[in-house]
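Content type compact mmCIF, C-alpha atoms (C1' of nucleotides), from the file work05.txt:
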# COMPACT_ATOMS: atom_id res chain seq x y z
CA MET A 381 0.00 0.00 0.00
CA GLN A 382 1.32 3.39 -0.84
CA ARG A 383 -0.78 5.74 1.21
CA THR A 384 -0.67 4.58 4.81
CA ASN A 385 -3.95 3.23 6.13
CA PHE A 386 -4.87 4.71 9.50
CA GLY A 387 -7.86 2.48 10.14
CA GLY A 388 -5.92 -0.23 11.91
CA MET A 389 -4.29 2.01 14.47
CA ALA A 390 -5.43 1.78 18.10
CA CYS A 391 -6.45 5.42 18.09
CA SER A 392 -9.89 6.85 17.52
CA ILE A 393 -8.42 9.95 15.90
CA ALA A 394 -6.59 7.82 13.36
CA ARG A 395 -9.71 5.74 12.74
CA THR A 396 -11.78 8.83 12.22
CA LEU A 397 -9.21 10.10 9.74
CA ASP A 398 -9.51 6.81 7.91
CA VAL A 399 -13.15 7.70 7.25
CA ILE A 400 -13.01 11.44 6.59
CA GLY A 401 -9.31 12.29 6.55
CA GLU A 402 -8.73 12.25 2.84
CA PRO A 403 -8.51 15.55 1.01
CA TRP A 404 -11.95 16.99 0.16
CA SER A 405 -13.99 14.70 2.41
CA PRO A 406 -14.78 17.28 5.08
CA LEU A 407 -15.70 19.83 2.42
CA ILE A 408 -18.02 17.33 0.78
CA LEU A 409 -19.74 16.79 4.12
CA ARG A 410 -20.01 20.53 4.66
CA ASP A 411 -21.64 20.92 1.26
CA VAL A 412 -24.09 18.09 1.86
CA TRP A 413 -24.91 19.60 5.21
CA VAL A 414 -25.74 23.01 3.75
CA GLY A 415 -27.76 21.52 0.88
CA PHE A 416 -25.49 20.71 -2.04
CA THR A 417 -26.49 17.10 -2.22
CA ARG A 418 -26.04 16.11 -5.86
CA PHE A 419 -23.01 15.10 -7.85
CA GLU A 420 -23.14 18.03 -10.24
CA GLN A 421 -23.73 20.52 -7.45
CA LEU A 422 -20.82 19.23 -5.44
CA GLN A 423 -18.52 19.17 -8.42
CA ALA A 424 -19.44 22.71 -9.43
CA ASP A 425 -19.31 24.17 -5.94
CA LEU A 426 -16.03 22.59 -4.90
CA GLY A 427 -14.22 22.53 -8.24
CA ILE A 428 -13.12 19.00 -7.40
CA SER A 429 -12.10 16.51 -10.05
CA ARG A 430 -15.04 14.28 -10.97
CA LYS A 431 -12.88 11.22 -10.55
CA VAL A 432 -11.94 12.12 -7.00
CA LEU A 433 -15.48 13.15 -6.16
CA THR A 434 -16.71 9.73 -7.22
CA GLU A 435 -14.07 8.03 -5.08
CA ARG A 436 -14.82 10.15 -2.03
CA LEU A 437 -18.58 9.73 -2.27
CA ASN A 438 -18.21 5.96 -2.56
CA HIS A 439 -15.89 5.90 0.42
CA LEU A 440 -18.24 7.99 2.54
CA VAL A 441 -21.19 5.80 1.56
CA GLU A 442 -19.24 2.64 2.36
CA HIS A 443 -18.45 4.00 5.79
CA ASP A 444 -22.08 4.88 6.40
CA VAL A 445 -21.51 8.61 6.66
CA LEU A 446 -23.57 9.41 3.57
CA GLU A 447 -26.48 7.60 2.00
CA ARG A 448 -26.97 7.56 -1.75
CA ARG A 449 -30.59 7.66 -2.75
CA PRO A 450 -32.63 8.25 -5.86
CA TYR A 451 -34.62 11.45 -6.11
CA ASP A 452 -36.30 10.81 -9.46
CA GLN A 453 -37.65 8.08 -11.72
CA ARG A 454 -34.64 8.66 -13.88
CA PRO A 455 -31.30 7.40 -12.55
CA ARG A 456 -30.66 10.51 -10.43
CA TYR A 457 -29.17 10.35 -6.98
CA GLU A 458 -28.58 12.60 -4.05
CA TYR A 459 -26.37 12.11 -1.06
CA VAL A 460 -27.69 12.71 2.43
CA LEU A 461 -26.13 12.58 5.86
CA THR A 462 -26.71 9.43 7.88
CA GLU A 463 -26.80 9.56 11.66
CA ARG A 464 -23.05 9.06 11.69
CA GLY A 465 -22.63 11.81 9.17
CA THR A 466 -24.86 14.18 11.10
CA ASP A 467 -22.68 13.59 14.14
CA LEU A 468 -19.63 14.55 12.11
CA VAL A 469 -21.05 18.02 11.61
CA ASP A 470 -20.04 18.70 15.22
CA LEU A 471 -16.50 18.29 14.04
CA LEU A 472 -17.07 20.64 11.12
CA MET A 473 -18.43 23.30 13.44
CA VAL A 474 -15.40 23.07 15.69
CA MET A 475 -13.16 23.29 12.62
CA ALA A 476 -15.03 26.33 11.41
CA GLY A 477 -14.69 27.88 14.85
CA TRP A 478 -10.93 27.46 14.83
CA GLY A 479 -10.66 28.92 11.34
CA ASP A 480 -12.88 31.83 12.34
CA LYS A 481 -10.75 32.56 15.37
CA TRP A 482 -7.29 32.20 13.85
CA LEU A 483 -7.53 32.61 10.10
CA ALA A 484 -10.41 34.95 9.28
CA GLY A 485 -8.39 38.20 9.30
CA GLU A 486 -9.77 41.70 9.02
CA ASP A 487 -12.97 40.87 7.23
CA GLY A 488 -14.24 38.49 9.83
CA PRO A 489 -15.69 35.04 9.24
CA PRO A 490 -17.15 34.23 5.82
CA VAL A 491 -20.01 32.30 7.38
CA VAL A 492 -21.70 32.68 10.74
CA TYR A 493 -24.01 30.31 12.57
CA ARG A 494 -27.28 31.18 14.22
CA HIS A 495 -28.14 28.84 17.05
CA HIS A 496 -31.82 27.91 17.10
CA ALA A 497 -32.00 27.47 20.87
CA CYS A 498 -30.94 31.04 21.69
CA GLY A 499 -31.34 32.77 18.35
CA GLU A 500 -27.85 34.25 18.56
CA ILE A 501 -24.95 34.23 16.15
CA SER A 502 -22.62 31.96 18.02
CA ALA A 503 -19.92 29.32 17.78
CA ALA A 504 -19.29 25.77 18.86
CA GLY A 505 -17.36 25.23 22.09
CA VAL A 506 -16.10 22.00 23.56
CA ARG A 507 -17.32 20.92 26.97
CA CYS A 508 -17.21 17.81 29.10
CA THR A 509 -20.28 15.66 28.48
CA HIS A 510 -20.18 14.61 32.12
CA CYS A 511 -19.93 17.84 34.09
CA GLY A 512 -20.52 20.45 31.40
CA GLU A 513 -17.38 22.42 32.17
CA PRO A 514 -14.97 23.48 29.40
CA MET A 515 -12.67 20.70 28.21
CA HIS A 516 -9.46 21.72 26.50
CA ALA A 517 -5.96 20.39 25.92
CA ARG A 518 -4.72 20.97 29.46
CA ASP A 519 -7.95 19.89 31.13
CA VAL A 520 -7.67 16.16 30.47
CA ASP A 521 -5.36 13.20 30.99
CA PRO A 522 -5.41 10.58 28.23
CA LEU A 523 -5.34 7.09 29.75
CA PRO A 524 -5.37 3.59 28.24
CA GLY A 525 -8.92 2.45 27.62
CA PRO A 526 -10.51 -1.01 27.35
CA GLY A 527 -9.67 -1.29 23.65
CA ALA A 528 -6.00 -0.42 24.11
CA ALA A 529 -3.48 -2.51 22.19
CA ALA A 530 -2.38 -5.61 24.08
CA MET B 1264 -0.47 23.07 -8.69
CA GLN B 1265 -1.46 19.50 -8.46
CA ARG B 1266 -3.05 19.18 -5.06
CA THR B 1267 -5.77 21.79 -4.74
CA ASN B 1268 -5.05 24.53 -2.23
CA PHE B 1269 -7.94 25.14 0.15
CA GLY B 1270 -6.49 28.21 1.83
CA GLY B 1271 -8.01 30.70 -0.60
CA MET B 1272 -11.58 29.52 -0.21
CA ALA B 1273 -14.08 31.70 1.64
CA CYS B 1274 -14.72 28.97 4.17
CA SER B 1275 -13.17 28.55 7.57
CA ILE B 1276 -13.40 24.79 7.30
CA ALA B 1277 -11.38 24.86 4.08
CA ARG B 1278 -8.87 27.26 5.61
CA THR B 1279 -8.45 25.05 8.63
CA LEU B 1280 -7.88 22.09 6.34
CA ASP B 1281 -5.20 24.08 4.58
CA VAL B 1282 -3.32 24.14 7.89
CA ILE B 1283 -3.96 20.65 9.29
CA GLY B 1284 -5.80 18.82 6.53
CA GLU B 1285 -2.90 16.98 5.00
CA PRO B 1286 -2.43 13.32 5.81
CA TRP B 1287 -0.64 12.78 9.15
CA SER B 1288 -0.96 16.33 10.44
CA PRO B 1289 -3.66 15.64 13.04
CA LEU B 1290 -1.76 12.57 14.24
CA ILE B 1291 1.39 14.62 14.62
CA LEU B 1292 -0.50 17.12 16.73
CA ARG B 1293 -1.95 14.32 18.83
CA ASP B 1294 1.50 12.94 19.46
CA VAL B 1295 2.93 16.32 20.38
CA TRP B 1296 -0.01 16.83 22.69
CA VAL B 1297 0.58 13.59 24.57
CA GLY B 1298 4.32 14.13 24.79
CA PHE B 1299 6.04 12.79 21.68
CA THR B 1300 7.73 16.04 20.81
CA ARG B 1301 10.92 15.09 18.97
CA PHE B 1302 11.57 14.08 15.41
CA GLU B 1303 12.76 10.58 16.21
CA GLN B 1304 9.91 9.96 18.62
CA LEU B 1305 7.32 11.06 16.13
CA GLN B 1306 8.84 9.04 13.34
CA ALA B 1307 9.04 5.91 15.45
CA ASP B 1308 5.58 6.25 16.99
CA LEU B 1309 3.74 7.03 13.78
CA GLY B 1310 5.77 5.02 11.30
CA ILE B 1311 5.63 8.01 8.97
CA SER B 1312 8.19 8.55 6.23
CA ARG B 1313 10.95 10.88 7.46
CA LYS B 1314 10.57 12.98 4.35
CA VAL B 1315 6.88 13.57 4.93
CA LEU B 1316 7.41 14.17 8.64
CA THR B 1317 9.89 16.92 7.80
CA GLU B 1318 7.43 18.52 5.40
CA ARG B 1319 4.53 18.37 7.86
CA LEU B 1320 6.51 19.76 10.76
CA ASN B 1321 7.74 22.66 8.64
CA HIS B 1322 4.21 23.36 7.46
CA LEU B 1323 2.82 23.31 11.00
CA VAL B 1324 5.60 25.59 12.22
CA GLU B 1325 5.02 28.01 9.33
CA HIS B 1326 1.37 28.19 10.24
CA ASP B 1327 2.16 28.83 13.88
CA VAL B 1328 0.58 25.65 15.19
CA LEU B 1329 3.85 24.21 16.43
CA GLU B 1330 7.01 25.89 17.62
CA ARG B 1331 10.41 24.35 16.97
CA ARG B 1332 12.83 24.95 19.78
CA PRO B 1333 16.20 23.64 20.91
CA TYR B 1334 16.35 21.47 24.00
CA ASP B 1335 20.11 20.98 24.14
CA GLN B 1336 23.42 22.66 23.37
CA ARG B 1337 23.73 20.26 20.48
CA PRO B 1338 21.49 20.86 17.48
CA ARG B 1339 18.52 19.08 18.98
CA TYR B 1340 14.98 20.33 18.64
CA GLU B 1341 11.57 19.60 20.01
CA TYR B 1342 8.19 20.68 18.76
CA VAL B 1343 5.66 22.18 21.14
CA LEU B 1344 2.09 23.37 20.70
CA THR B 1345 1.59 27.09 20.32
CA GLU B 1346 -1.61 28.74 21.49
CA ARG B 1347 -3.14 28.04 18.08
CA GLY B 1348 -1.99 24.46 18.31
CA THR B 1349 -3.38 24.03 21.80
CA ASP B 1350 -6.74 25.25 20.53
CA LEU B 1351 -6.65 22.60 17.83
CA VAL B 1352 -6.65 19.89 20.47
CA ASP B 1353 -10.36 20.67 20.93
CA LEU B 1354 -10.79 19.39 17.41
CA LEU B 1355 -8.77 16.27 18.16
CA MET B 1356 -10.95 15.52 21.17
CA VAL B 1357 -14.11 15.81 19.11
CA MET B 1358 -12.56 13.56 16.48
CA ALA B 1359 -11.64 11.02 19.12
CA GLY B 1360 -15.17 11.20 20.49
CA TRP B 1361 -16.65 10.41 17.11
CA GLY B 1362 -14.28 7.50 16.60
CA ASP B 1363 -15.04 6.19 20.09
CA LYS B 1364 -18.76 6.34 19.43
CA TRP B 1365 -18.88 4.89 15.93
CA LEU B 1366 -15.73 2.91 15.29
CA ALA B 1367 -14.49 1.44 18.56
CA GLY B 1368 -16.38 -1.85 18.33
CA GLU B 1369 -16.61 -4.52 21.01
CA ASP B 1370 -13.44 -3.66 22.85
CA GLY B 1371 -14.36 -0.08 23.59
CA PRO B 1372 -12.17 2.97 23.05
CA PRO B 1373 -8.38 2.48 22.97
CA VAL B 1374 -7.87 5.68 24.93
CA VAL B 1375 -10.09 7.41 27.48
CA TYR B 1376 -9.90 10.92 28.86
CA ARG B 1377 -10.12 11.92 32.48
CA HIS B 1378 -11.43 15.44 32.92
CA HIS B 1379 -9.59 17.37 35.62
CA ALA B 1380 -12.56 19.49 36.59
CA CYS B 1381 -14.80 16.56 37.56
CA GLY B 1382 -12.32 13.70 37.77
CA GLU B 1383 -14.49 11.50 35.56
CA ILE B 1384 -13.71 9.54 32.43
CA SER B 1385 -15.62 11.59 29.93
CA ALA B 1386 -15.80 12.86 26.38
CA ALA B 1387 -15.91 16.15 24.54
CA GLY B 1388 -19.31 17.49 23.54
CA VAL B 1389 -20.15 20.48 21.41
CA ARG B 1390 -22.19 23.31 22.89
CA CYS B 1391 -23.11 26.85 21.98
CA THR B 1392 -20.58 29.30 23.41
CA HIS B 1393 -23.39 31.79 23.86
CA CYS B 1394 -26.14 29.92 25.67
CA GLY B 1395 -24.39 26.69 26.61
CA GLU B 1396 -27.04 24.45 25.07
CA PRO B 1397 -26.07 21.58 22.74
CA MET B 1398 -25.23 22.67 19.19
CA HIS B 1399 -25.49 20.07 16.48
CA ALA B 1400 -26.11 19.87 12.77
CA ARG B 1401 -29.83 20.62 12.94
CA ASP B 1402 -29.50 23.26 15.64
CA VAL B 1403 -27.94 25.99 13.52
CA ASP B 1404 -28.49 28.00 10.36
CA PRO B 1405 -25.36 28.95 8.45
CA LEU B 1406 -25.62 32.54 7.21
CA PRO B 1407 -23.28 34.78 5.20
CA GLY B 1408 -20.83 36.55 7.51
CA PRO B 1409 -18.88 39.80 7.19
CA GLY B 1410 -16.02 38.08 5.34
CA ALA B 1411 -18.29 36.48 2.75
CA ALA B 1412 -17.13 36.55 -0.86
CA ALA B 1413 -18.20 39.68 -2.74
C1' DC C 864 42.52 12.94 19.07
C1' DA C 865 40.50 9.38 15.65
C1' DG C 866 36.37 6.70 15.98
C1' DT C 867 31.77 6.14 17.15
C1' DC C 868 27.15 7.54 18.18
C1' DA C 869 22.54 9.67 18.23
C1' DG C 870 19.34 13.19 16.74
C1' DA C 871 17.64 15.50 12.97
C1' DG C 872 17.10 15.83 8.84
C1' DT C 873 18.15 15.11 2.96
C1' DT C 874 18.27 12.67 -1.17
C1' DC C 875 16.79 9.34 -4.45
C1' DC C 876 13.88 6.19 -6.66
C1' DC C 877 9.45 4.08 -7.22
C1' DT C 878 4.55 3.79 -7.02
C1' DA C 879 0.08 5.59 -6.26
C1' DA C 880 -3.15 9.34 -5.93
C1' DG C 881 -4.96 13.90 -7.61
C1' DG C 882 -6.14 17.13 -11.73
C1' DG C 883 -8.27 17.75 -16.00
C1' DA C 884 -10.42 16.83 -20.07
C1' DA C 885 -12.86 13.78 -22.93
C1' DC C 886 -15.95 10.22 -23.23
C1' DC C 887 -20.08 7.21 -22.06
C1' DC C 888 -24.79 5.66 -20.53
C1' DC C 889 -29.49 6.32 -19.71
C1' DA C 890 -34.17 8.16 -19.33
C1' DA C 891 -37.13 12.15 -20.60
C1' DG C 892 -38.66 15.59 -23.56
C1' DG C 893 -39.29 17.97 -27.98
C1' DC D 1128 -35.18 9.76 -33.10
C1' DC D 1129 -32.24 13.36 -31.69
C1' DT D 1130 -30.96 16.21 -28.00
C1' DT D 1131 -30.27 17.23 -23.20
C1' DG D 1132 -28.61 16.75 -18.54
C1' DG D 1133 -27.30 14.13 -14.48
C1' DG D 1134 -24.06 11.02 -13.04
C1' DG D 1135 -20.50 8.98 -13.59
C1' DT D 1136 -15.67 6.41 -16.33
C1' DT D 1137 -11.47 6.49 -18.72
C1' DC D 1138 -7.10 8.18 -19.95
C1' DC D 1139 -2.95 10.66 -19.50
C1' DC D 1140 0.09 13.52 -16.91
C1' DT D 1141 2.12 15.38 -12.78
C1' DT D 1142 2.93 15.43 -8.07
C1' DA D 1143 3.02 13.60 -3.45
C1' DG D 1144 3.85 9.69 -0.25
C1' DG D 1145 6.76 5.40 1.14
C1' DG D 1146 11.09 3.56 2.07
C1' DA D 1147 15.75 3.10 2.34
C1' DA D 1148 20.22 5.08 2.17
C1' DC D 1149 22.94 8.93 2.99
C1' DT D 1150 24.58 13.34 5.39
C1' DC D 1151 25.72 16.57 8.91
C1' DT D 1152 26.87 17.94 13.57
C1' DG D 1153 28.29 18.16 18.02
C1' DA D 1154 29.15 15.18 21.96
C1' DC D 1155 31.22 11.05 24.26
C1' DT D 1156 34.86 7.12 24.41
C1' DG D 1157 39.04 4.85 24.59

Show this structure as C-alpha cells.
Amino acid sequence: MQRTNFGGMACSIARTLDVIGEPWSPLILRDVWVGFTRFEQLQADLGISRKVLTERLNHLVEHDVLERRPYDQRPRYEYVLTERGTDLVDLLMVMAGWGDKWLAGEDGPPVVYRHHACGEISAAGVRCTHCGEPMHARDVDPLPGPGAAA
Amino acid sequence: MQRTNFGGMACSIARTLDVIGEPWSPLILRDVWVGFTRFEQLQADLGISRKVLTERLNHLVEHDVLERRPYDQRPRYEYVLTERGTDLVDLLMVMAGWGDKWLAGEDGPPVVYRHHACGEISAAGVRCTHCGEPMHARDVDPLPGPGAAA
DNA sequence: CAGTCAGAGTTCCCTAAGGGAACCCCAAGG
DNA sequence: CCTTGGGGTTCCCTTAGGGAACTCTGACTG
C-alpha cells in the first residue's frame, strides 16, 4: 500500500481520519450539510475533479456517513447525511470555529451560525459531556482504555 | 499546482484544512499533545516517512501551530504546541469522540480521557458558546458573515 | 585525538493518488 | 429519433507519499 492506512491504528483519531481524513472529504460533508447534495452541485461548488469526487462519495457511503438515494424516476441520486454523518457536523463546526478565530483576518468570518435554541450568532465550544465544564488540551489526561493494544 | 489549495476559499473549514488537513498532520498534533515532541519519537511512533514528517513539521511551524525549539546545546529540537496548536486539540478531542462512538467496536475505546474538573472519564461534547445548550447539525443556520465573498 | 554515536534531517527512486479533459450511458422531452 | 442533462468512467500527466540510504553535527569514548 502506498498511502498509509490509519484504520488499523489503536487510536480513535486515526480511525476517524480513515473515514473522513482524505482531502476533500470534510468539504463534501459541509456541502451536503448546507444543501449541495447532488453530484453536479458538489462538483461545481467545490471545483473537485469528478474522478476524486466519485471516489470520495463511494468511500463515505461505504463507511455509512452518507447515504446515496434516488430522487427521481430517472437514474438521479442525491447524497444525504446518515446519523453518523450528522454527528460529524459537530467536528465541522469546531473546525469552522478554529478557522474563524485564527484565520479569518480583518474581514471576519465568511459564514456565521445562528443557534436555534438562543437565536444568537454563536460558535461551537467544547465541553465535558459529564460535568458540562470546558474541556481543552490541558484539562484532560489521556489514559489507556478497554480497547488499548495488548 | 497539483493538489488543490484550500487556503483561498471563503470557508473557515477549508482554511483550517489548509493548515492541518494533509495526511498525518492531526496525528502529529496528537503525538505532540501527549508528549512525543521530537523528530525521532514522532517518526518511530507514527511510522511516517521521514521525508513527509519533515514537510509536515515545517508546514505546521510556518502556520504557527507548532514551535520548533532547541532542547540541548547540540542541534537538537523539540516541537511544542503554540496557542493556536493548543486550541486545535479541541478538534482532536471531538474527532476522538466520534471515533469512540462509531468505530471502537466490542473492545471499547483504545484511549479514554479523564477530565480534571470533575475527575471523571468523559468525552468532549459540542455546545453553543453563547447559551451553553447543545449545538449540532440541525440546531444551527449557516448565514453569510462579514467576510463572505463579494 | 581518531572513531563512534545519536538526533535530525536530505536525497533518491518508485509507485500511487490527484487534476483535467474527454468520453459514455441512460431516461425524458421535444 | 435526436438532443439534453445528471451522473459517472477512462485516460494521461504530474505530483506527493513510502522507504531506504545517505549526510551533517556536536558530543562522548578509549

* Asked: Any idea which chain B residues end up within 9 Å of chain D if we count all atoms listed in the file, as a PyMOL selection string please?
  -> chain B and resi 1264-1266+1311-1312+1314-1315+1336-1338

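You can rank C:DA871, C:DC886, C:DA891, C:DC864 by their closest distance to chain B using all atoms listed in the file, and at the top of that list sits C:DA871.
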
* Structure fact -> The distance between CA of Tyr1340 in chain B and CA of Arg1301 in chain B is 6.6 Å

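For the pair CA of Cys508 in chain A and CA of Gly1382 in chain B, the interatomic distance is 10.8 Å.
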
Output as CSV one row per residue of chain C within 9 Å of chain B: the closest atom pair and its distance in Å to one decimal place, counting only C-alpha atoms (C1' of nucleotides), sorted by chain and residue number ascending.
residue,atom,partner,partner_atom,distance
C:DG870,C1',B:Arg1339,CA,6.4
C:DA871,C1',B:Phe1302,CA,6.7
C:DG872,C1',B:Thr1317,CA,7.4
C:DT873,C1',B:Lys1314,CA,8.0
C:DG881,C1',B:Arg1266,CA,6.2
C:DG882,C1',B:Gln1265,CA,6.2

* Between B:Glu1325, B:Glu1346, B:Glu1341, B:Glu1285, single out the one closest to chain A, counting only C-alpha atoms. => B:Glu1285

* With a cut-off of 6 Å and counting only C-alpha atoms, select all residues of chain B in contact with chain A and give the selection as JSON, numbers by chain. => {"B": [1273, 1275, 1276, 1279, 1352, 1353, 1358, 1359, 1362, 1363, 1370, 1371, 1372, 1373, 1374, 1375, 1376, 1377, 1378, 1379, 1385, 1386, 1387, 1388, 1389, 1390, 1391, 1392, 1393, 1399, 1400, 1402, 1403, 1404, 1405, 1406, 1407, 1408, 1409, 1410, 1411]}

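Between CA of Ile400 in chain A and CA of Gly388 in chain A there is a distance of 14.7 Å.
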
Starting from 6 Å padding per side, set up an axis-aligned box that covers all listed atoms of range 865-874 of chain C and hand over centre and edge lengths in Å, one decimal, as JSON.
{"center_x": 28.8, "center_y": 11.0, "center_z": 8.5, "size_x": 35.4, "size_y": 21.7, "size_z": 31.4}

Output range 1300-1311 of chain B with N, CA and C atoms present, as a compact mmCIF listing (two decimals), keeping the file's coordinate frame.
# COMPACT_ATOMS: atom_id res chain seq x y z
N THR B 1300 7.47 14.70 21.34
CA THR B 1300 7.73 16.04 20.81
C THR B 1300 8.94 16.12 19.90
N ARG B 1301 9.69 15.01 19.76
CA ARG B 1301 10.92 15.09 18.97
C ARG B 1301 10.82 14.29 17.70
N PHE B 1302 11.63 14.69 16.74
CA PHE B 1302 11.57 14.08 15.41
C PHE B 1302 11.60 12.55 15.46
N GLU B 1303 12.60 12.03 16.17
CA GLU B 1303 12.76 10.58 16.21
C GLU B 1303 11.57 9.89 16.88
N GLN B 1304 11.06 10.52 17.92
CA GLN B 1304 9.91 9.96 18.62
C GLN B 1304 8.69 9.91 17.71
N LEU B 1305 8.47 10.99 17.03
CA LEU B 1305 7.32 11.06 16.13
C LEU B 1305 7.45 10.02 15.02
N GLN B 1306 8.63 9.97 14.45
CA GLN B 1306 8.84 9.04 13.34
C GLN B 1306 8.61 7.60 13.81
N ALA B 1307 9.17 7.27 14.96
CA ALA B 1307 9.04 5.91 15.45
C ALA B 1307 7.59 5.59 15.85
N ASP B 1308 6.94 6.53 16.53
CA ASP B 1308 5.58 6.25 16.99
C ASP B 1308 4.59 6.14 15.85
N LEU B 1309 4.72 7.00 14.87
CA LEU B 1309 3.74 7.03 13.78
C LEU B 1309 4.10 6.09 12.64
N GLY B 1310 5.37 5.80 12.46
CA GLY B 1310 5.77 5.02 11.30
C GLY B 1310 5.67 5.82 10.00
N ILE B 1311 5.73 7.12 10.13
CA ILE B 1311 5.63 8.01 8.97
C ILE B 1311 6.99 8.10 8.27
